[in-house]
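So this block is start.txt, compact mmCIF, C-alpha atoms:
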```
# COMPACT_ATOMS: atom_id res chain seq x y z
CA MET C 1 -74.34 35.25 -5.16
CA THR C 2 -72.54 38.56 -5.06
CA SER C 3 -70.30 39.54 -7.91
CA LYS C 4 -66.61 39.14 -7.17
CA GLU C 5 -64.60 42.25 -7.97
CA LYS C 6 -62.68 41.47 -11.15
CA VAL C 7 -61.17 44.87 -11.87
CA TYR C 8 -57.62 45.12 -10.54
CA PRO C 9 -56.16 48.54 -9.75
CA THR C 10 -52.80 48.06 -11.49
CA ILE C 11 -51.04 45.81 -13.96
CA ASP C 12 -48.62 44.72 -11.23
CA SER C 13 -51.44 43.74 -8.85
CA ALA C 14 -53.06 41.65 -11.62
CA VAL C 15 -49.96 39.46 -12.02
CA ALA C 16 -48.57 39.57 -8.47
CA ASP C 17 -49.44 35.97 -7.55
CA ILE C 18 -48.25 34.13 -10.69
CA PRO C 19 -46.06 31.34 -9.28
CA ASP C 20 -42.80 29.95 -10.63
CA GLY C 21 -43.48 27.04 -12.97
CA ALA C 22 -46.92 28.29 -14.08
CA THR C 23 -48.15 27.55 -17.61
CA ILE C 24 -49.50 30.67 -19.31
CA MET C 25 -51.27 31.26 -22.63
CA PHE C 26 -50.52 34.55 -24.39
CA GLY C 27 -52.81 36.01 -27.05
CA GLY C 28 -51.60 38.05 -30.02
CA PHE C 29 -50.60 37.62 -33.65
CA GLY C 30 -48.70 39.74 -36.13
CA GLY C 31 -48.09 42.54 -33.65
CA ALA C 32 -51.81 42.90 -32.89
CA GLY C 33 -53.65 41.90 -29.73
CA PHE C 34 -50.64 41.12 -27.54
CA PRO C 35 -51.08 41.64 -23.78
CA ASN C 36 -47.89 43.70 -23.68
CA ASN C 37 -48.74 45.46 -20.42
CA LEU C 38 -49.24 42.12 -18.65
CA ILE C 39 -46.05 40.73 -20.21
CA GLN C 40 -44.12 43.72 -18.91
CA GLY C 41 -45.78 43.26 -15.52
CA LEU C 42 -44.69 39.63 -15.45
CA ALA C 43 -41.15 40.68 -16.34
CA ARG C 44 -41.15 43.01 -13.32
CA GLN C 45 -42.76 40.34 -11.12
CA GLY C 46 -40.04 37.87 -12.04
CA ALA C 47 -41.78 34.45 -12.02
CA ARG C 48 -39.44 31.86 -13.52
CA ASN C 49 -39.45 28.39 -15.06
CA LEU C 50 -42.62 29.30 -16.94
CA GLY C 51 -44.39 27.28 -19.61
CA VAL C 52 -45.73 29.35 -22.48
CA ILE C 53 -48.46 28.63 -25.02
CA SER C 54 -48.45 31.21 -27.78
CA ASN C 55 -48.49 31.43 -31.56
CA ASN C 56 -44.99 32.90 -31.57
CA CYS C 57 -42.10 33.75 -29.27
CA GLY C 58 -41.69 37.50 -29.52
CA THR C 59 -40.04 40.02 -31.82
CA GLY C 60 -36.69 41.20 -30.50
CA ASP C 61 -37.29 42.63 -27.02
CA GLY C 62 -41.00 43.07 -27.82
CA GLU C 63 -43.98 40.93 -26.85
CA LEU C 64 -42.76 37.62 -25.35
CA GLY C 65 -39.17 38.55 -26.29
CA LEU C 66 -38.87 40.35 -22.97
CA LEU C 67 -39.64 37.21 -20.94
CA PHE C 68 -37.16 35.16 -22.98
CA LYS C 69 -34.55 37.89 -22.56
CA ASN C 70 -35.08 37.62 -18.79
CA ARG C 71 -34.80 33.81 -19.04
CA GLN C 72 -38.17 33.35 -17.34
CA ILE C 73 -39.43 30.72 -19.83
CA ARG C 74 -38.39 27.06 -20.00
CA ARG C 75 -41.16 25.33 -21.97
CA VAL C 76 -42.90 26.48 -25.14
CA ILE C 77 -45.86 25.27 -27.18
CA ALA C 78 -46.07 27.37 -30.35
CA ALA C 79 -47.06 27.26 -34.02
CA PHE C 80 -44.47 29.66 -35.37
CA PRO C 81 -41.79 30.84 -32.92
CA GLY C 82 -40.56 33.23 -35.60
CA PRO C 83 -37.22 34.28 -37.05
CA GLY C 84 -37.53 37.59 -35.16
CA ALA C 85 -37.71 35.78 -31.81
CA LYS C 86 -34.03 36.45 -31.14
CA TYR C 87 -33.82 35.42 -27.48
CA PHE C 88 -35.99 32.36 -27.94
CA GLN C 89 -33.91 31.16 -30.93
CA GLU C 90 -30.62 31.63 -29.04
CA GLN C 91 -31.88 29.69 -26.04
CA PHE C 92 -33.48 27.02 -28.24
CA ASP C 93 -30.22 26.49 -30.16
CA ALA C 94 -28.40 26.24 -26.81
CA GLY C 95 -30.79 23.47 -25.74
CA GLU C 96 -32.19 25.54 -22.87
CA ILE C 97 -35.82 25.50 -23.99
CA GLU C 98 -38.23 22.62 -24.47
CA LEU C 99 -40.37 23.20 -27.59
CA GLU C 100 -43.47 21.56 -29.00
CA LEU C 101 -44.38 22.83 -32.48
CA VAL C 102 -48.11 22.61 -33.21
CA PRO C 103 -49.97 23.49 -36.41
CA GLN C 104 -51.69 26.81 -35.81
CA GLY C 105 -55.27 25.65 -36.30
CA ILE C 106 -54.65 22.61 -34.12
CA LEU C 107 -53.22 24.87 -31.42
CA CYS C 108 -56.56 26.70 -31.52
CA GLU C 109 -58.61 23.53 -31.62
CA ARG C 110 -56.75 21.89 -28.71
CA MET C 111 -57.56 24.95 -26.61
CA ARG C 112 -61.14 24.98 -27.80
CA ALA C 113 -61.49 21.31 -26.85
CA PHE C 114 -60.10 21.97 -23.38
CA GLY C 115 -62.43 24.91 -22.84
CA ALA C 116 -65.37 22.85 -24.07
CA GLY C 117 -64.66 19.81 -21.89
CA ILE C 118 -63.48 17.55 -24.73
CA PRO C 119 -60.34 15.64 -23.68
CA ALA C 120 -59.03 14.77 -27.14
CA PHE C 121 -60.15 14.67 -30.76
CA PHE C 122 -59.19 13.13 -34.10
CA SER C 123 -57.63 15.50 -36.62
CA PRO C 124 -56.51 15.24 -40.25
CA VAL C 125 -53.75 17.82 -39.78
CA GLY C 126 -50.22 16.44 -39.55
CA VAL C 127 -51.08 12.92 -40.71
CA GLY C 128 -47.93 11.41 -42.25
CA THR C 129 -45.73 14.27 -40.96
CA GLU C 130 -43.57 14.63 -37.88
CA VAL C 131 -46.56 16.21 -36.10
CA GLY C 132 -48.30 12.84 -36.29
CA ARG C 133 -45.33 10.84 -35.04
CA GLY C 134 -46.14 8.77 -31.95
CA LYS C 135 -49.80 9.78 -31.95
CA GLU C 136 -52.65 7.29 -32.05
CA GLU C 137 -53.98 7.01 -35.58
CA ARG C 138 -57.40 5.90 -36.73
CA VAL C 139 -59.09 5.53 -40.10
CA ILE C 140 -62.57 7.07 -40.06
CA ARG C 141 -64.74 6.79 -43.17
CA GLY C 142 -61.66 5.86 -45.18
CA LYS C 143 -59.43 8.75 -44.11
CA ARG C 144 -56.46 8.80 -41.71
CA TYR C 145 -56.67 10.89 -38.54
CA ILE C 146 -54.44 11.41 -35.51
CA LEU C 147 -55.51 11.85 -31.92
CA GLU C 148 -54.80 15.32 -30.54
CA GLN C 149 -55.01 16.12 -26.83
CA ALA C 150 -56.88 19.09 -25.35
CA LEU C 151 -54.63 21.90 -24.14
CA GLY C 152 -55.26 23.97 -21.04
CA ALA C 153 -53.17 26.30 -18.88
CA ASP C 154 -53.00 27.82 -15.42
CA TYR C 155 -53.41 31.34 -16.78
CA ALA C 156 -54.32 33.11 -20.00
CA PHE C 157 -52.98 36.63 -20.53
CA ILE C 158 -55.09 38.31 -23.16
CA ARG C 159 -55.78 41.70 -24.70
CA ALA C 160 -59.14 43.18 -25.66
CA TYR C 161 -60.43 46.56 -26.77
CA ARG C 162 -63.15 47.20 -24.21
CA ALA C 163 -64.40 45.36 -21.15
CA ASP C 164 -67.26 46.02 -18.83
CA ASN C 165 -66.58 45.58 -15.14
CA MET C 166 -68.05 42.06 -15.24
CA GLY C 167 -65.53 40.97 -17.88
CA ASN C 168 -67.58 40.95 -21.06
CA LEU C 169 -65.15 41.71 -23.88
CA VAL C 170 -65.16 43.37 -27.26
CA TYR C 171 -62.13 43.16 -29.54
CA ARG C 172 -60.85 45.36 -32.31
CA LYS C 173 -60.25 44.14 -35.90
CA ALA C 174 -57.54 41.49 -36.27
CA ALA C 175 -56.36 42.07 -32.69
CA ARG C 176 -58.95 39.45 -31.70
CA ASN C 177 -56.94 36.44 -33.00
CA PHE C 178 -56.11 33.92 -30.22
CA ASN C 179 -57.51 35.97 -27.35
CA PRO C 180 -61.10 34.65 -27.18
CA ILE C 181 -60.14 30.97 -27.45
CA MET C 182 -57.42 31.27 -24.80
CA ALA C 183 -59.91 32.90 -22.44
CA THR C 184 -61.87 29.64 -22.40
CA ALA C 185 -58.94 27.29 -21.77
CA ALA C 186 -57.20 28.62 -18.65
CA LYS C 187 -58.00 28.22 -14.96
CA SER C 188 -57.63 31.98 -14.63
CA THR C 189 -57.85 34.52 -17.45
CA ILE C 190 -56.43 38.01 -17.06
CA VAL C 191 -57.38 40.62 -19.63
CA GLU C 192 -55.83 44.03 -20.26
CA VAL C 193 -58.07 46.47 -22.07
CA GLU C 194 -58.00 49.94 -23.53
CA GLU C 195 -61.19 50.95 -21.77
CA ILE C 196 -63.31 49.62 -18.90
CA VAL C 197 -66.98 50.57 -18.87
CA ALA C 198 -69.90 49.82 -16.56
CA ALA C 199 -71.90 46.62 -17.04
CA GLY C 200 -74.73 47.36 -19.45
CA LYS C 201 -72.70 49.80 -21.54
CA LEU C 202 -71.59 47.19 -24.07
CA ASP C 203 -74.12 46.09 -26.66
CA PRO C 204 -74.85 42.45 -25.67
CA GLU C 205 -75.12 41.52 -29.37
CA THR C 206 -71.50 42.53 -29.97
CA ILE C 207 -69.87 40.83 -26.98
CA VAL C 208 -67.36 38.24 -28.22
CA THR C 209 -66.09 36.88 -24.90
CA PRO C 210 -68.80 36.56 -22.24
CA SER C 211 -67.85 37.47 -18.67
CA ILE C 212 -67.87 33.87 -17.41
CA PHE C 213 -64.46 33.31 -19.01
CA ILE C 214 -62.78 36.32 -17.39
CA ASP C 215 -61.28 36.43 -13.89
CA ARG C 216 -59.27 39.65 -13.79
CA ILE C 217 -59.57 42.90 -15.72
CA VAL C 218 -56.96 45.61 -15.77
CA GLN C 219 -56.61 48.91 -17.58
CA ALA C 220 -53.72 48.87 -20.08
CA GLU C 221 -51.30 51.73 -19.59
CA GLY C 222 -49.21 53.82 -21.91
CA LYS C 223 -48.87 53.25 -25.59
CA ARG C 224 -51.17 50.78 -27.26
CA TYR C 225 -48.33 49.02 -28.98
CA ALA C 226 -45.83 49.21 -26.14
CA MET Z 1 -37.46 32.64 -78.75
CA PRO Z 2 -35.23 33.47 -75.76
CA LYS Z 3 -35.06 30.82 -73.06
CA THR Z 4 -35.66 32.81 -69.93
CA ARG Z 5 -37.37 31.25 -66.97
CA LEU Z 6 -40.29 33.25 -65.61
CA SER Z 7 -39.68 35.72 -62.79
CA ARG Z 8 -41.36 35.32 -59.41
CA GLU Z 9 -43.74 38.10 -60.45
CA GLN Z 10 -44.62 36.19 -63.63
CA ILE Z 11 -45.26 33.00 -61.67
CA ALA Z 12 -47.67 35.05 -59.53
CA GLU Z 13 -49.24 36.53 -62.65
CA ARG Z 14 -49.89 33.07 -64.07
CA ALA Z 15 -51.19 31.74 -60.76
CA ALA Z 16 -53.71 34.58 -60.53
CA LEU Z 17 -55.44 33.15 -63.61
CA GLU Z 18 -56.36 30.05 -61.58
CA LEU Z 19 -58.70 32.09 -59.35
CA PRO Z 20 -62.35 31.85 -60.38
CA ASP Z 21 -64.77 34.70 -59.80
CA GLY Z 22 -66.27 34.61 -56.32
CA ALA Z 23 -63.67 32.28 -54.81
CA TYR Z 24 -62.65 32.42 -51.15
CA VAL Z 25 -58.86 32.29 -51.21
CA ASN Z 26 -55.90 32.06 -48.85
CA LEU Z 27 -52.46 33.11 -50.09
CA GLY Z 28 -49.32 31.98 -48.26
CA TRP Z 29 -45.88 33.51 -47.90
CA GLY Z 30 -43.39 34.04 -50.70
CA ILE Z 31 -44.56 34.03 -54.32
CA PRO Z 32 -48.25 33.59 -53.31
CA ASN Z 33 -48.04 36.91 -51.52
CA LEU Z 34 -47.47 38.59 -54.92
CA ILE Z 35 -50.61 37.13 -56.54
CA ALA Z 36 -53.27 39.53 -55.26
CA ALA Z 37 -51.86 42.31 -57.45
CA TYR Z 38 -52.50 40.22 -60.60
CA VAL Z 39 -56.11 39.18 -60.11
CA PRO Z 40 -57.85 40.11 -63.39
CA SER Z 41 -60.14 43.12 -63.03
CA ALA Z 42 -63.19 41.11 -64.15
CA VAL Z 43 -62.68 38.67 -61.26
CA THR Z 44 -63.67 39.25 -57.63
CA VAL Z 45 -62.06 37.01 -55.03
CA HIS Z 46 -62.35 37.15 -51.25
CA PHE Z 47 -59.06 36.91 -49.41
CA HIS Z 48 -58.87 35.06 -46.10
CA SER Z 49 -56.16 35.65 -43.52
CA GLU Z 50 -55.46 33.12 -40.76
CA ASN Z 51 -55.50 35.82 -38.09
CA GLY Z 52 -59.21 36.35 -38.58
CA ILE Z 53 -59.94 38.40 -41.67
CA LEU Z 54 -62.22 37.65 -44.62
CA GLY Z 55 -62.43 40.23 -47.38
CA MET Z 56 -58.91 41.48 -46.82
CA GLY Z 57 -57.99 44.36 -49.13
CA PRO Z 58 -54.68 45.80 -50.31
CA ARG Z 59 -51.87 47.06 -48.12
CA ALA Z 60 -52.82 50.23 -46.19
CA LYS Z 61 -51.52 53.54 -47.56
CA VAL Z 62 -48.64 55.14 -45.69
CA GLY Z 63 -50.11 57.27 -42.91
CA GLU Z 64 -53.36 55.28 -42.88
CA GLU Z 65 -52.03 52.12 -41.22
CA ASP Z 66 -54.01 50.54 -38.40
CA PHE Z 67 -51.81 48.09 -36.54
CA ASP Z 68 -54.86 46.17 -35.32
CA LEU Z 69 -55.51 45.36 -39.00
CA VAL Z 70 -52.54 43.39 -40.26
CA ASP Z 71 -52.11 40.33 -42.46
CA ALA Z 72 -50.29 37.12 -41.52
CA MET Z 73 -46.99 38.79 -42.40
CA LYS Z 74 -47.63 41.74 -40.02
CA VAL Z 75 -48.25 44.09 -42.96
CA PRO Z 76 -50.98 46.70 -42.28
CA VAL Z 77 -53.80 45.97 -44.72
CA THR Z 78 -57.35 47.17 -45.38
CA LEU Z 79 -60.80 45.62 -45.19
CA LEU Z 80 -63.05 45.65 -48.25
CA PRO Z 81 -66.82 46.28 -48.07
CA GLY Z 82 -68.45 43.05 -46.88
CA GLY Z 83 -65.33 42.00 -45.02
CA SER Z 84 -65.42 40.56 -41.52
CA PHE Z 85 -63.29 39.86 -38.46
CA PHE Z 86 -63.30 36.68 -36.38
CA SER Z 87 -61.02 34.71 -34.09
CA GLN Z 88 -58.06 32.52 -35.06
CA ASP Z 89 -60.00 29.32 -34.28
CA ASP Z 90 -62.81 30.37 -36.62
CA ALA Z 91 -60.18 31.26 -39.24
CA HIS Z 92 -59.06 27.64 -39.06
CA VAL Z 93 -62.60 26.29 -39.08
CA MET Z 94 -62.50 27.84 -42.55
CA THR Z 95 -59.12 26.30 -43.52
CA ARG Z 96 -59.40 22.82 -42.08
CA GLY Z 97 -63.13 22.52 -42.60
CA GLY Z 98 -62.83 22.76 -46.37
CA HIS Z 99 -64.52 26.14 -46.68
CA LEU Z 100 -61.78 27.83 -48.72
CA ASP Z 101 -62.06 27.26 -52.46
CA ILE Z 102 -58.42 27.79 -53.35
CA CYS Z 103 -55.25 28.07 -51.29
CA ILE Z 104 -51.89 28.94 -52.81
CA LEU Z 105 -48.72 28.19 -50.85
CA GLY Z 106 -44.99 28.31 -51.47
CA GLY Z 107 -43.07 25.05 -51.64
CA LEU Z 108 -39.66 23.57 -50.94
CA GLN Z 109 -40.54 20.17 -52.45
CA VAL Z 110 -43.63 18.60 -54.01
CA SER Z 111 -43.78 14.86 -54.67
CA GLU Z 112 -45.42 13.12 -57.59
CA HIS Z 113 -48.13 11.98 -55.17
CA GLY Z 114 -48.92 15.56 -54.19
CA ASP Z 115 -47.09 15.53 -50.85
CA LEU Z 116 -45.89 19.01 -49.87
CA ALA Z 117 -42.82 20.04 -47.87
CA ASN Z 118 -42.70 23.76 -47.23
CA TRP Z 119 -41.92 24.58 -43.61
CA ARG Z 120 -38.41 23.50 -42.80
CA VAL Z 121 -35.10 23.00 -44.57
CA PRO Z 122 -33.30 20.08 -42.89
CA GLY Z 123 -30.29 21.25 -40.93
CA ALA Z 124 -31.37 24.89 -40.89
CA LYS Z 125 -30.60 26.81 -37.72
CA GLY Z 126 -33.39 27.70 -35.34
CA ALA Z 127 -36.63 26.05 -34.34
CA GLY Z 128 -38.50 26.38 -37.62
CA GLY Z 129 -42.20 27.06 -37.59
CA ILE Z 130 -45.32 25.42 -38.97
CA GLY Z 131 -47.74 28.32 -38.76
CA GLY Z 132 -51.02 27.71 -40.56
CA ALA Z 133 -49.57 25.77 -43.50
CA MET Z 134 -50.55 22.28 -42.31
CA ASP Z 135 -54.16 23.25 -41.58
CA ILE Z 136 -54.44 25.05 -44.91
CA SER Z 137 -52.90 22.19 -46.93
CA VAL Z 138 -55.20 19.60 -45.45
CA GLY Z 139 -58.39 21.57 -45.82
CA ALA Z 140 -58.15 23.47 -49.11
CA GLN Z 141 -60.67 22.45 -51.75
CA LYS Z 142 -57.89 23.09 -54.26
CA LEU Z 143 -54.24 23.56 -53.29
CA ILE Z 144 -51.85 25.26 -55.70
CA VAL Z 145 -48.12 25.45 -54.98
CA THR Z 146 -46.08 28.22 -56.57
CA MET Z 147 -42.30 27.90 -56.48
CA GLU Z 148 -39.13 27.93 -58.55
CA HIS Z 149 -38.87 24.68 -60.51
CA THR Z 150 -35.39 23.88 -59.16
CA ALA Z 151 -33.50 24.68 -55.97
CA LYS Z 152 -30.58 27.13 -55.88
CA ASP Z 153 -28.15 24.23 -56.50
CA GLY Z 154 -30.14 23.19 -59.59
CA SER Z 155 -31.69 20.09 -58.01
CA PRO Z 156 -35.35 19.38 -58.79
CA LYS Z 157 -37.97 20.53 -56.29
CA ILE Z 158 -40.58 18.29 -57.91
CA VAL Z 159 -39.45 14.88 -56.69
CA LYS Z 160 -40.53 11.26 -56.46
CA THR Z 161 -40.51 11.37 -52.66
CA CYS Z 162 -40.04 14.44 -50.47
CA THR Z 163 -36.89 14.32 -48.34
CA TYR Z 164 -37.72 17.51 -46.42
CA PRO Z 165 -40.12 17.47 -43.44
CA LEU Z 166 -43.66 17.19 -44.78
CA THR Z 167 -46.40 19.76 -44.43
CA ALA Z 168 -49.14 17.37 -45.58
CA ILE Z 169 -49.48 14.26 -47.70
CA ASP Z 170 -51.50 13.95 -50.89
CA CYS Z 171 -52.64 17.57 -50.83
CA VAL Z 172 -51.28 19.42 -53.88
CA ASP Z 173 -53.52 19.75 -56.96
CA THR Z 174 -51.45 22.04 -59.19
CA ILE Z 175 -47.84 23.23 -59.28
CA ILE Z 176 -46.97 26.53 -60.98
CA THR Z 177 -43.27 27.23 -61.46
CA ASP Z 178 -40.93 29.38 -63.53
CA LEU Z 179 -40.97 26.57 -66.12
CA ALA Z 180 -44.38 24.95 -66.12
CA VAL Z 181 -47.92 24.40 -64.93
CA ILE Z 182 -48.31 20.81 -63.72
CA ASP Z 183 -51.40 19.05 -62.42
CA VAL Z 184 -51.06 16.29 -59.82
CA THR Z 185 -53.51 13.52 -60.69
CA THR Z 186 -54.10 9.90 -59.78
CA ASP Z 187 -52.52 9.11 -63.15
CA GLY Z 188 -49.36 11.01 -62.24
CA LEU Z 189 -48.03 14.46 -63.09
CA ILE Z 190 -49.63 16.04 -66.15
CA LEU Z 191 -47.67 18.84 -67.83
CA ARG Z 192 -50.35 21.36 -68.71
CA GLU Z 193 -48.28 24.36 -69.87
CA VAL Z 194 -44.60 25.19 -70.40
CA ALA Z 195 -42.82 28.54 -70.02
CA PRO Z 196 -42.46 30.42 -73.32
CA GLY Z 197 -39.53 29.02 -75.31
CA PHE Z 198 -39.21 25.76 -73.35
CA THR Z 199 -40.10 22.29 -74.60
CA PRO Z 200 -41.73 19.56 -72.50
CA GLU Z 201 -38.51 17.54 -72.80
CA GLU Z 202 -36.53 20.41 -71.28
CA VAL Z 203 -38.99 20.75 -68.40
CA GLN Z 204 -38.73 16.99 -67.84
CA LYS Z 205 -34.95 17.31 -67.43
CA PHE Z 206 -35.49 19.58 -64.42
CA THR Z 207 -38.18 17.30 -62.92
CA GLU Z 208 -37.37 14.05 -61.09
CA PRO Z 209 -40.59 12.05 -61.62
CA LYS Z 210 -41.94 11.27 -65.07
CA LEU Z 211 -44.19 13.93 -66.58
CA ARG Z 212 -47.06 13.01 -68.87
CA TYR Z 213 -47.87 15.35 -71.69
CA SER Z 214 -49.56 15.56 -75.06
CA SER Z 215 -47.79 16.20 -78.35
CA ASN Z 216 -48.76 19.85 -78.19
CA VAL Z 217 -48.31 21.47 -74.77
CA PRO Z 218 -49.30 25.15 -74.84
CA GLU Z 219 -47.19 27.98 -73.43
CA MET Z 220 -47.98 29.39 -70.00
CA ARG Z 221 -50.65 32.04 -70.23
CA LEU Z 222 -49.60 35.44 -68.98
CA GLN Z 223 -51.87 38.45 -68.86
CA ARG Z 224 -49.33 40.89 -70.21
CA ARG Z 225 -46.07 40.31 -71.99
```
Go ahead and express the file in the form of structure tokens.
Amino acid sequence: MTSKEKVYPTIDSAVADIPDGATIMFGGFGGAGFPNNLIQGLARQGARNLGVISNNCGTGDGELGLLFKNRQIRRVIAAFPGPGAKYFQEQFDAGEIELELVPQGILCERMRAFGAGIPAFFSPVGVGTEVGRGKEERVIRGKRYILEQALGADYAFIRAYRADNMGNLVYRKAARNFNPIMATAAKSTIVEVEEIVAAGKLDPETIVTPSIFIDRIVQAEGKRYA
Amino acid sequence: MPKTRLSREQIAERAALELPDGAYVNLGWGIPNLIAAYVPSAVTVHFHSENGILGMGPRAKVGEEDFDLVDAMKVPVTLLPGGSFFSQDDAHVMTRGGHLDICILGGLQVSEHGDLANWRVPGAKGAGGIGGAMDISVGAQKLIVTMEHTAKDGSPKIVKTCTYPLTAIDCVDTIITDLAVIDVTTDGLILREVAPGFTPEEVQKFTEPKLRYSSNVPEMRLQRR
């Protein structure tokens, strides 16, 4: 089997075919590891009625804020939308956005389950709270658990430090965060990176995301924290 | 003896004494975020951050910030020798899986059964946010809540039953406030220490459920006065 070319020439070409209504995971936490180039590309591309899975919902015009400002997002699954998510909060208060709040670790675990072929799992988190409301509950070895469903998406937009041209990824410090787990849980994962090197140039012992999870690779442009 | 409630810094100072040498620790937002500065010099603890850091060090010096190395509040921090980076899902394997020895969170309400409400004030504007608090509360080997003893309107924050949206049920082990240190036990709330100058009866007045205490409750230990 020949290797499919995964490296896209431009940010815009990497997001050109995202359809209206797509569900997209976005990596990033605390300002680090956000796929800001891809987000800006999606803003230019203009897909609408999007579903978003992300820890938060942007900071002002930054990160996902841009897509909310453009009113491209209708559905959100998040752990902490954030007080700085100005456009999201305005649209949420106006009843224009559908939101599911998920505990942060369960957000991770639902994606991990999806990526690992597990349809649902029992969890202790949220038992007796509004997170557990309406969910199947079971007592296992004397403790209460709720059933959580696996969570997948059409696309994952992620950010890494370096990629080889096959899509093996290395991250940098706390910019890793949600990026590796999201890479496993989407039908198509698009990564923007600071540097693309030839296969064989990354130390195999340090690769965090193996190439099998990556579909498109694109060189990030401009400022790192754009 | 003047009757002054402890400051937020003093609550943090007292809470720092609960950290045993060698513990793996997660500190939440608010007062817990002040605690790291008060860890006694003879004690080494390893700080965990939910965005994938173990062995997190102090805030980065101005000019030396690396914005790929931030804590859960977006503050540029440092990594101590022996520290490590990992993904958010592994960070929560550590929280939920019971690998953290002590977690310290802020609180809006704690019930006498150890239920915690700390993520949403009913009726507040906006969507609210859970963040990592539910995972941390459920998994911590020991969960300490630091908060003011009463709300801004004077109403007790230690209550019989939480009326605010819950973070987790039956999770709090110890409450440290500007008035007291209280342990949550199967026998109810045990008043372990009172703020300097306050009596157990006075602390009880600011606390909805019944406190149990001995005839001689010591004052809250602070490292420096």
Using all atoms listed in the file, determine which residues lie at most 8 Å from Z:Gly132, disregarding the query and same-chain residues fewer than 6 positions distant; provide the list as a PDB file with C-alpha atoms, in the frame of the given file.
```pdb
ATOM      1  CA  ALA C  79     -47.060  27.260 -34.020  1.00  0.00           C
ATOM      2  CA  PRO C 103     -49.970  23.490 -36.410  1.00  0.00           C
ATOM      3  CA  GLN C 104     -51.690  26.810 -35.810  1.00  0.00           C
ATOM      4  CA  GLY C 105     -55.270  25.650 -36.300  1.00  0.00           C
TER       5      GLY C 105
ATOM      6  CA  GLU Z  50     -55.460  33.120 -40.760  1.00  0.00           C
TER       7      GLU Z  50
END
```
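Atom pair atom CA of C:Val125 / atom CA of Z:Ser84 has a distance of 25.6 Å (rounded to one decimal).
Closest to C:Pro81 among Z:Gly126, Z:Leu80, Z:Leu108, Z:Leu6 is Z:Gly126, based on only C-alpha atoms.
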Self-check item: Long-range neighbours of C:Glu109 as a PyMOL selection string, 10 Å cut-off, only C-alpha atoms, 2 positions minimum in chain
Solution: (chain C and resi 103-107+111-115+120-121+123+148-151+181) or (chain Z and resi 88-90+92-93)
Quiz prompt | Best match for closeness to chain Z among C:Ala153, C:Leu42, C:Ala175, C:Val7, counting only C-alpha atoms | solution = C:Ala175
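Near C:Met25, within a cut-off of 10 Å and counting only C-alpha atoms, sit the residues C:Gly51, C:Val52, C:Ile53, C:Ser54, C:Asn55, C:Val76, C:Ile77, C:Met111, C:Gly152, C:Ala153, C:Asp154, C:Tyr155, C:Ala156, C:Phe157, C:Ile158, C:Phe178, C:Asn179, C:Met182, C:Ala183, C:Ala185, C:Ala186, C:Thr189, with same-chain residues fewer than 4 positions away left out.
When atom CA of C:Gly65 is paired with atom CA of Z:Thr167, their separation reads 27.1 Å.
With all atoms listed in the file as the basis for measurement, C:Ile97 is the residue among C:Ile39, C:Ala199, C:Ile97, C:Ala220 that approaches chain Z most closely.
Between atom CA of Z:Lys61 and atom CA of Z:Tyr38 the separation is 18.7 Å.
Using all atoms listed in the file, the shortest contact distance between Z:Pro40 and any of Z:Ala15, Z:Ile144, Z:Cys162, Z:Val194 is found at Z:Ala15.
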Quiz item: Could you list, as a PyMOL selection string, every residue of chain Z that has an atom within 7 Å of an atom of chain C, counting all atoms listed in the file?
Solution: chain Z and resi 51-53+67-70+72-74+85-89+92+126-127+129-132+134-135+138+165-169
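Near C:Lys6, within 6 Å and counting all atoms listed in the file, sit Asp215, Arg216 and Ile217 of chain C, not including residues fewer than 2 positions from it in the same chain.
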Quiz prompt | Within-9 Å shell of (-51.8, 31.4, -67.2) in input frame, all atoms listed in the file, as a PyMOL selection string | solution = chain Z and resi 11+13-18+181+193+219-223
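Nearest residue to C:Ala16, choosing from C:Ala47, C:Ile118, C:Ile214, C:Ile146 and counting only C-alpha atoms: C:Ala47.
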